[in-house]
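J.: This is start-v9.pdb (PDB, C-alpha atoms).
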```pdb
ATOM      1  CA  MET A   1       0.000   0.000   0.000
ATOM      2  CA  ALA A   2       2.842   2.404   0.793
ATOM      3  CA  ARG A   3       4.369   1.958  -2.668
ATOM      4  CA  ARG A   4       0.987   2.475  -4.326
ATOM      5  CA  ARG A   5       0.538   5.682  -2.289
ATOM      6  CA  GLN A   6       3.987   6.893  -3.385
ATOM      7  CA  ILE A   7       3.085   6.252  -7.016
ATOM      8  CA  LEU A   8      -0.167   8.209  -6.631
ATOM      9  CA  ASP A   9       1.609  11.103  -4.915
ATOM     10  CA  ARG A  10       4.174  11.327  -7.718
ATOM     11  CA  ALA A  11       1.630  10.807 -10.497
ATOM     12  CA  ILE A  12      -0.338  13.938  -9.518
ATOM     13  CA  GLU A  13       2.901  15.896  -9.937
ATOM     14  CA  VAL A  14       3.368  14.440 -13.423
ATOM     15  CA  PHE A  15      -0.185  15.422 -14.417
ATOM     16  CA  ARG A  16       0.343  18.901 -13.006
ATOM     17  CA  GLU A  17       3.453  19.313 -15.184
ATOM     18  CA  ARG A  18       2.296  17.540 -18.345
ATOM     19  CA  GLY A  19      -1.481  17.348 -18.209
ATOM     20  CA  THR A  20      -3.314  14.193 -19.181
ATOM     21  CA  ASP A  21      -3.093  14.542 -22.964
ATOM     22  CA  GLY A  22      -0.554  12.249 -24.518
ATOM     23  CA  THR A  23       0.379  10.717 -21.206
ATOM     24  CA  SER A  24       0.793   6.950 -21.190
ATOM     25  CA  LEU A  25       1.454   4.484 -18.387
ATOM     26  CA  ARG A  26       4.958   4.011 -19.779
ATOM     27  CA  ARG A  27       5.707   7.767 -19.740
ATOM     28  CA  ILE A  28       4.307   8.107 -16.225
ATOM     29  CA  ALA A  29       6.391   5.165 -15.038
ATOM     30  CA  GLU A  30       9.513   6.809 -16.467
ATOM     31  CA  ALA A  31       8.660  10.165 -14.908
ATOM     32  CA  ILE A  32       8.108   8.741 -11.428
ATOM     33  CA  GLY A  33      11.076   6.384 -11.577
ATOM     34  CA  VAL A  34       9.446   2.961 -11.692
ATOM     35  CA  SER A  35       9.325   0.348 -14.397
ATOM     36  CA  HIS A  36       6.322   0.051 -16.666
ATOM     37  CA  ALA A  37       5.795  -3.467 -15.285
ATOM     38  CA  ALA A  38       5.783  -2.146 -11.706
ATOM     39  CA  LEU A  39       3.185   0.470 -12.591
ATOM     40  CA  ARG A  40       1.078  -2.164 -14.389
ATOM     41  CA  HIS A  41       1.220  -4.258 -11.210
ATOM     42  CA  TYR A  42      -0.848  -1.572  -9.476
ATOM     43  CA  PHE A  43      -2.905  -0.185 -12.370
ATOM     44  CA  ASP A  44      -4.316  -2.028 -15.391
ATOM     45  CA  SER A  45      -4.913   1.090 -17.470
ATOM     46  CA  LEU A  46      -4.230   4.791 -17.669
ATOM     47  CA  GLU A  47      -7.879   5.460 -16.837
ATOM     48  CA  GLN A  48      -7.596   3.348 -13.696
ATOM     49  CA  LEU A  49      -4.464   5.261 -12.653
ATOM     50  CA  LEU A  50      -6.061   8.655 -13.305
ATOM     51  CA  VAL A  51      -9.154   7.749 -11.273
ATOM     52  CA  ALA A  52      -6.953   6.444  -8.459
ATOM     53  CA  VAL A  53      -4.885   9.645  -8.476
ATOM     54  CA  TYR A  54      -8.016  11.782  -8.227
ATOM     55  CA  ALA A  55      -9.576   9.590  -5.519
ATOM     56  CA  HIS A  56      -6.292   9.682  -3.576
ATOM     57  CA  ALA A  57      -6.099  13.486  -3.753
ATOM     58  CA  GLU A  58      -9.756  13.834  -2.747
ATOM     59  CA  ALA A  59      -9.318  11.458   0.197
ATOM     60  CA  ALA A  60      -6.231  13.381   1.353
ATOM     61  CA  ARG A  61      -8.250  16.613   1.244
ATOM     62  CA  ASP A  62     -11.180  15.086   3.113
ATOM     63  CA  ASP A  63      -8.885  13.582   5.780
ATOM     64  CA  ASP A  64      -6.943  16.818   6.381
ATOM     65  CA  PRO A  65      -7.144  17.435  10.145
ATOM     66  CA  ASP A  66      -6.295  21.118   9.642
ATOM     67  CA  LEU A  67      -9.501  21.800   7.700
ATOM     68  CA  PRO A  68     -12.430  23.016   9.777
ATOM     69  CA  GLU A  69     -15.623  20.973   9.694
ATOM     70  CA  PRO A  70     -17.981  22.673   7.215
ATOM     71  CA  SER A  71     -21.028  24.092   8.988
ATOM     72  CA  SER A  72     -23.438  23.840   6.056
ATOM     73  CA  ALA A  73     -24.052  22.132   2.738
ATOM     74  CA  VAL A  74     -22.904  25.280   0.942
ATOM     75  CA  ASP A  75     -19.731  25.325   3.050
ATOM     76  CA  VAL A  76     -19.006  21.696   2.108
ATOM     77  CA  MET A  77     -18.942  22.616  -1.572
ATOM     78  CA  VAL A  78     -17.140  25.957  -1.114
ATOM     79  CA  GLN A  79     -14.417  24.358   1.004
ATOM     80  CA  ALA A  80     -13.945  21.452  -1.420
ATOM     81  CA  ALA A  81     -13.769  23.751  -4.449
ATOM     82  CA  VAL A  82     -11.255  26.082  -2.795
ATOM     83  CA  GLN A  83      -9.124  23.130  -1.684
ATOM     84  CA  ASN A  84      -9.226  21.704  -5.217
ATOM     85  CA  LEU A  85      -7.775  24.953  -6.572
ATOM     86  CA  GLU A  86      -4.854  24.671  -4.160
ATOM     87  CA  VAL A  87      -3.670  21.374  -5.685
ATOM     88  CA  PRO A  88      -2.205  22.261  -9.081
ATOM     89  CA  GLY A  89      -3.620  20.072 -11.808
ATOM     90  CA  LEU A  90      -6.431  18.591  -9.708
ATOM     91  CA  VAL A  91      -9.301  20.574 -11.244
ATOM     92  CA  GLN A  92      -8.023  19.809 -14.733
ATOM     93  CA  LEU A  93      -7.656  16.117 -13.875
ATOM     94  CA  TYR A  94     -11.180  16.044 -12.428
ATOM     95  CA  SER A  95     -12.693  17.765 -15.462
ATOM     96  CA  THR A  96     -10.815  15.478 -17.841
ATOM     97  CA  LEU A  97     -11.992  12.380 -15.970
ATOM     98  CA  VAL A  98     -15.618  13.494 -15.804
ATOM     99  CA  ALA A  99     -15.579  14.155 -19.552
ATOM    100  CA  ALA A 100     -13.911  10.784 -20.184
ATOM    101  CA  SER A 101     -16.545   9.038 -18.073
ATOM    102  CA  LEU A 102     -19.125   9.987 -20.693
ATOM    103  CA  GLU A 103     -17.357   7.988 -23.394
ATOM    104  CA  ALA A 104     -18.753   4.551 -24.215
ATOM    105  CA  ARG A 105     -15.471   2.756 -23.562
ATOM    106  CA  SER A 106     -15.039   4.275 -20.111
ATOM    107  CA  THR A 107     -15.522   1.911 -17.215
ATOM    108  CA  GLU A 108     -13.360   3.049 -14.304
ATOM    109  CA  ALA A 109     -14.208   6.746 -14.560
ATOM    110  CA  LYS A 110     -17.895   6.169 -15.274
ATOM    111  CA  ASP A 111     -18.306   3.815 -12.306
ATOM    112  CA  TYR A 112     -16.283   6.077 -10.009
ATOM    113  CA  PHE A 113     -18.078   9.315 -10.868
ATOM    114  CA  THR A 114     -21.556   7.792 -10.988
ATOM    115  CA  SER A 115     -21.010   6.493  -7.472
ATOM    116  CA  ARG A 116     -19.270   9.674  -6.290
ATOM    117  CA  PHE A 117     -22.071  11.933  -7.515
ATOM    118  CA  ALA A 118     -24.756   9.711  -5.963
ATOM    119  CA  HIS A 119     -23.024   9.635  -2.563
ATOM    120  CA  LEU A 120     -22.295  13.352  -2.634
ATOM    121  CA  ARG A 121     -25.888  14.259  -3.490
ATOM    122  CA  VAL A 122     -27.239  12.008  -0.714
ATOM    123  CA  ALA A 123     -24.855  13.518   1.865
ATOM    124  CA  LEU A 124     -25.644  17.080   0.780
ATOM    125  CA  GLU A 125     -29.375  16.361   0.712
ATOM    126  CA  ALA A 126     -29.218  15.151   4.337
ATOM    127  CA  ARG A 127     -27.346  18.320   5.361
ATOM    128  CA  VAL A 128     -29.800  20.534   3.483
ATOM    129  CA  ARG A 129     -32.787  18.776   5.043
ATOM    130  CA  ALA A 130     -31.308  19.224   8.538
ATOM    131  CA  GLU A 131     -30.625  22.898   7.831
ATOM    132  CA  GLN A 132     -34.190  23.349   6.560
ATOM    133  CA  GLU A 133     -35.612  21.687   9.679
ATOM    134  CA  ALA A 134     -33.476  23.996  11.830
ATOM    135  CA  GLY A 135     -34.856  27.007   9.954
ATOM    136  CA  GLU A 136     -31.443  27.888   8.511
ATOM    137  CA  LEU A 137     -32.394  27.346   4.853
ATOM    138  CA  ARG A 138     -35.538  28.077   2.924
ATOM    139  CA  SER A 139     -37.859  25.101   3.012
ATOM    140  CA  ASP A 140     -39.794  25.662  -0.210
ATOM    141  CA  VAL A 141     -37.167  23.926  -2.387
ATOM    142  CA  ASP A 142     -36.644  20.172  -2.427
ATOM    143  CA  PRO A 143     -33.384  19.226  -0.608
ATOM    144  CA  ALA A 144     -32.432  16.794  -3.382
ATOM    145  CA  GLN A 145     -32.710  19.578  -5.960
ATOM    146  CA  ILE A 146     -30.597  21.932  -3.840
ATOM    147  CA  ALA A 147     -27.956  19.210  -3.450
ATOM    148  CA  ALA A 148     -27.849  18.607  -7.210
ATOM    149  CA  LEU A 149     -27.636  22.349  -7.903
ATOM    150  CA  LEU A 150     -24.753  22.794  -5.441
ATOM    151  CA  VAL A 151     -22.775  20.020  -7.134
ATOM    152  CA  ALA A 152     -23.542  21.405 -10.596
ATOM    153  CA  ALA A 153     -22.611  24.954  -9.594
ATOM    154  CA  SER A 154     -19.359  23.859  -8.008
ATOM    155  CA  ASP A 155     -18.324  21.769 -10.998
ATOM    156  CA  GLY A 156     -19.365  24.439 -13.480
ATOM    157  CA  LEU A 157     -17.505  27.175 -11.644
ATOM    158  CA  GLN A 158     -14.359  25.070 -11.439
ATOM    159  CA  ILE A 159     -14.496  24.526 -15.212
ATOM    160  CA  GLN A 160     -14.943  28.272 -15.697
ATOM    161  CA  TRP A 161     -11.950  28.828 -13.388
ATOM    162  CA  LEU A 162      -9.839  26.586 -15.643
ATOM    163  CA  LEU A 163     -10.700  28.835 -18.566
ATOM    164  CA  GLU A 164     -10.646  32.108 -16.650
ATOM    165  CA  PRO A 165      -8.587  31.894 -13.423
ATOM    166  CA  ASP A 166      -9.695  35.377 -12.304
ATOM    167  CA  ILE A 167     -13.236  34.152 -11.629
ATOM    168  CA  ASP A 168     -14.255  34.475  -7.979
ATOM    169  CA  LEU A 169     -15.111  30.821  -7.486
ATOM    170  CA  GLU A 170     -15.409  31.049  -3.698
ATOM    171  CA  GLY A 171     -17.521  34.204  -3.701
ATOM    172  CA  THR A 172     -19.784  33.038  -6.496
ATOM    173  CA  LEU A 173     -20.400  29.623  -4.941
ATOM    174  CA  SER A 174     -20.936  31.290  -1.558
ATOM    175  CA  ALA A 175     -23.829  33.253  -3.086
ATOM    176  CA  PHE A 176     -25.924  30.143  -2.469
ATOM    177  CA  ARG A 177     -25.971  31.173   1.217
ATOM    178  CA  THR A 178     -27.962  34.251   0.244
ATOM    179  CA  LEU A 179     -30.097  32.468  -2.338
ATOM    180  CA  LEU A 180     -31.103  29.764   0.141
ATOM    181  CA  ARG A 181     -31.637  31.997   3.161
ATOM    182  CA  PRO A 182     -35.187  31.700   4.567
TER     183      PRO A 182
END
```
Let me see whether you can do it: turn the structure in this file into structure tokens.
T.:
Amino acid sequence: MARRRQILDRAIEVFRERGTDGTSLRRIAEAIGVSHAALRHYFDSLEQLLVAVYAHAEAARDDDPDLPEPSSAVDVMVQAAVQNLEVPGLVQLYSTLVAASLEARSTEAKDYFTSRFAHLRVALEARVRAEQEAGELRSDVDPAQIAALLVAASDGLQIQWLLEPDIDLEGTLSAFRTLLRP
């Protein structure tokens, strides 16, 4: 497990420097100083490696003891988006993987993101419902719809940030606090 973790840590650096276009398992193996066979021992395909790199980075962010516990559903998405921007290459990797998951031949990315989106929406919906019951959020909008909109807004703003880094991602996403106020 330690070696796999080292590979994932180094691979994110390679993607930050080179992007995902034209990157092969062989080129990644060379860049991180392992043999192609060693890399293939851990990952069957480039897609599997890319998904593992993203999942590893996301887990590291979520397990960071220095991050405060988000106090609301909006804060969950704002904090995650801001943290994503702080890891060079992560937003681009995420966007590339989500787009790849739509392709017919995709298996790893499609399964990963389908599951990730479902779990994220359920968790956000539960937070929204609790906030509505506490009178902290308007109650005239379905919690599942709010959860889906928060995910969509966060992803859309991160894509816009890739194209236009001056966009105020945090401030714009935080506007949901005002929009959802009772």
J.: Within 12 Å of A:Ser95, counting only C-alpha atoms, which residues qualify if same-chain residues fewer than 2 places away don't, as a ChimeraX atom specification?
T.: /A:19-20,50-51,54,84,89-93,97-102,109,113,154-163
J.: Please evaluate the PyMOL selection byres ((chain A and resi 58) around 12) against the structure above and give the resulting residues as number ranges by chain.
T.: A: 8-9, 12, 51-57, 59-64, 80-81, 83-87, 90-91, 93-94, 116
J.: The selected residues should be written to file as a JSON list (two decimals), in the frame of the given file (atoms: C-alpha atoms).
T.:
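File produced: out.json:
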```json
[["chain", "number", "residue", "atom", "x", "y", "z"],
["A", 8, "LEU", "CA", -0.17, 8.21, -6.63],
["A", 9, "ASP", "CA", 1.61, 11.10, -4.92],
["A", 12, "ILE", "CA", -0.34, 13.94, -9.52],
["A", 51, "VAL", "CA", -9.15, 7.75, -11.27],
["A", 52, "ALA", "CA", -6.95, 6.44, -8.46],
["A", 53, "VAL", "CA", -4.88, 9.64, -8.48],
["A", 54, "TYR", "CA", -8.02, 11.78, -8.23],
["A", 55, "ALA", "CA", -9.58, 9.59, -5.52],
["A", 56, "HIS", "CA", -6.29, 9.68, -3.58],
["A", 57, "ALA", "CA", -6.10, 13.49, -3.75],
["A", 59, "ALA", "CA", -9.32, 11.46, 0.20],
["A", 60, "ALA", "CA", -6.23, 13.38, 1.35],
["A", 61, "ARG", "CA", -8.25, 16.61, 1.24],
["A", 62, "ASP", "CA", -11.18, 15.09, 3.11],
["A", 63, "ASP", "CA", -8.88, 13.58, 5.78],
["A", 64, "ASP", "CA", -6.94, 16.82, 6.38],
["A", 80, "ALA", "CA", -13.94, 21.45, -1.42],
["A", 81, "ALA", "CA", -13.77, 23.75, -4.45],
["A", 83, "GLN", "CA", -9.12, 23.13, -1.68],
["A", 84, "ASN", "CA", -9.23, 21.70, -5.22],
["A", 85, "LEU", "CA", -7.78, 24.95, -6.57],
["A", 86, "GLU", "CA", -4.85, 24.67, -4.16],
["A", 87, "VAL", "CA", -3.67, 21.37, -5.68],
["A", 90, "LEU", "CA", -6.43, 18.59, -9.71],
["A", 91, "VAL", "CA", -9.30, 20.57, -11.24],
["A", 93, "LEU", "CA", -7.66, 16.12, -13.88],
["A", 94, "TYR", "CA", -11.18, 16.04, -12.43],
["A", 116, "ARG", "CA", -19.27, 9.67, -6.29]]
```
J.: With all atoms listed in the file as the counted atoms, please give the residues lying no more than 12 Å from A:Arg127, apart from itself and same-chain residues fewer than 2 positions off, as a VMD selection string.
T.: chain A and resid 70 to 77 120 to 125 129 to 134 136 to 137 143 to 144 146 to 147 150
J.: Atom CA of A:Val151 and atom CA of A:Phe117 are how many Å apart?
T.: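 Atom-to-atom, atom CA of A:Val151 and atom CA of A:Phe117 are spaced 8.1 Å apart.
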J.: Evaluate the PyMOL selection byres ((chain A and resi 46) around 12) on the structure here and hand back the selected residues as an MDAnalysis selection string.
T.: chainID A and resid 11 15 20:29 36 39:40 42:45 47:53 97 100 106:109
J.: Just how far from atom CA of A:Gln145 is atom CA of A:Leu180, in Å to one decimal?
T.: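 Atom CA of A:Gln145 lies 12.0 Å from atom CA of A:Leu180.
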J.: Could you tell me how far atom CA of A:Ile7 lies from atom CA of A:Ala37, in Å and to one decimal?
T.: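 We find that atom CA of A:Ile7 and atom CA of A:Ala37 lie 13.0 Å from each other.
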J.: Nearest residue to A:Val128 out of A:Arg181, A:Glu30, A:Glu17, A:Leu169, using all atoms listed in the file?
T.: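 Answer, going by the shortest atom-to-atom distance: A:Arg181.
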J.: Quick one: of A:Val82, A:Leu67, A:Ala118, A:Val141, who's nearest to A:Leu173, counting all atoms listed in the file?
T.: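 Among the listed residues, A:Val82 lies closest to A:Leu173.
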J.: Since the input lacks some atoms of stretch 78-89 of chain A, please model all heavy atoms and print them as a CSV table (one decimal), in the frame of the given file.
T.:
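part.csv was written with the following content:
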```csv
chain,number,residue,atom,x,y,z
A,78,VAL,N,-18.1,24.8,-1.0
A,78,VAL,CA,-17.1,26.0,-1.1
A,78,VAL,C,-15.8,25.5,-0.7
A,78,VAL,O,-14.8,25.7,-1.4
A,78,VAL,CB,-17.6,27.2,-0.3
A,78,VAL,CG1,-16.5,28.2,-0.2
A,78,VAL,CG2,-18.9,27.8,-0.9
A,79,GLN,N,-15.7,24.8,0.5
A,79,GLN,CA,-14.4,24.4,1.0
A,79,GLN,C,-13.8,23.4,0.0
A,79,GLN,O,-12.6,23.5,-0.2
A,79,GLN,CB,-14.6,23.7,2.4
A,79,GLN,CG,-13.3,23.3,3.0
A,79,GLN,CD,-13.6,22.8,4.4
A,79,GLN,OE1,-14.1,23.5,5.3
A,79,GLN,NE2,-13.2,21.5,4.7
A,80,ALA,N,-14.5,22.4,-0.5
A,80,ALA,CA,-13.9,21.5,-1.4
A,80,ALA,C,-13.4,22.1,-2.7
A,80,ALA,O,-12.3,21.8,-3.1
A,80,ALA,CB,-15.0,20.4,-1.8
A,81,ALA,N,-14.2,23.1,-3.2
A,81,ALA,CA,-13.8,23.8,-4.4
A,81,ALA,C,-12.5,24.6,-4.2
A,81,ALA,O,-11.6,24.5,-5.0
A,81,ALA,CB,-14.9,24.7,-5.0
A,82,VAL,N,-12.4,25.3,-3.1
A,82,VAL,CA,-11.3,26.1,-2.8
A,82,VAL,C,-10.0,25.2,-2.6
A,82,VAL,O,-8.9,25.5,-3.1
A,82,VAL,CB,-11.5,27.0,-1.6
A,82,VAL,CG1,-10.2,27.6,-1.1
A,82,VAL,CG2,-12.5,28.0,-1.9
A,83,GLN,N,-10.2,24.1,-1.9
A,83,GLN,CA,-9.1,23.1,-1.7
A,83,GLN,C,-8.7,22.5,-3.0
A,83,GLN,O,-7.5,22.3,-3.2
A,83,GLN,CB,-9.5,22.0,-0.7
A,83,GLN,CG,-9.7,22.5,0.7
A,83,GLN,CD,-8.4,23.1,1.3
A,83,GLN,OE1,-8.4,24.3,1.6
A,83,GLN,NE2,-7.4,22.3,1.3
A,84,ASN,N,-9.6,22.2,-3.9
A,84,ASN,CA,-9.2,21.7,-5.2
A,84,ASN,C,-8.3,22.7,-6.0
A,84,ASN,O,-7.4,22.2,-6.6
A,84,ASN,CB,-10.5,21.4,-6.1
A,84,ASN,CG,-11.2,20.2,-5.6
A,84,ASN,OD1,-10.8,19.4,-4.8
A,84,ASN,ND2,-12.4,20.1,-6.1
A,85,LEU,N,-8.6,24.0,-5.9
A,85,LEU,CA,-7.8,25.0,-6.6
A,85,LEU,C,-6.3,25.0,-6.0
A,85,LEU,O,-5.4,25.4,-6.8
A,85,LEU,CB,-8.4,26.3,-6.5
A,85,LEU,CG,-9.8,26.5,-7.0
A,85,LEU,CD1,-10.2,28.0,-6.9
A,85,LEU,CD2,-9.9,26.1,-8.4
A,86,GLU,N,-6.2,24.6,-4.8
A,86,GLU,CA,-4.9,24.7,-4.2
A,86,GLU,C,-3.9,23.5,-4.6
A,86,GLU,O,-2.8,23.5,-4.2
A,86,GLU,CB,-5.0,24.8,-2.6
A,86,GLU,CG,-5.6,26.1,-2.2
A,86,GLU,CD,-5.8,26.2,-0.7
A,86,GLU,OE1,-5.4,25.3,0.0
A,86,GLU,OE2,-6.5,27.2,-0.3
A,87,VAL,N,-4.5,22.5,-5.2
A,87,VAL,CA,-3.7,21.4,-5.7
A,87,VAL,C,-3.5,21.5,-7.2
A,87,VAL,O,-4.5,21.2,-7.9
A,87,VAL,CB,-4.3,20.0,-5.3
A,87,VAL,CG1,-3.4,18.9,-5.9
A,87,VAL,CG2,-4.6,19.9,-3.8
A,88,PRO,N,-2.4,22.0,-7.6
A,88,PRO,CA,-2.2,22.3,-9.1
A,88,PRO,C,-2.5,21.0,-9.9
A,88,PRO,O,-2.0,19.9,-9.6
A,88,PRO,CB,-0.7,22.7,-9.2
A,88,PRO,CG,-0.4,23.2,-7.8
A,88,PRO,CD,-1.2,22.4,-6.9
A,89,GLY,N,-3.3,21.2,-10.9
A,89,GLY,CA,-3.6,20.1,-11.8
A,89,GLY,C,-4.8,19.3,-11.4
A,89,GLY,O,-5.4,18.5,-12.2
```
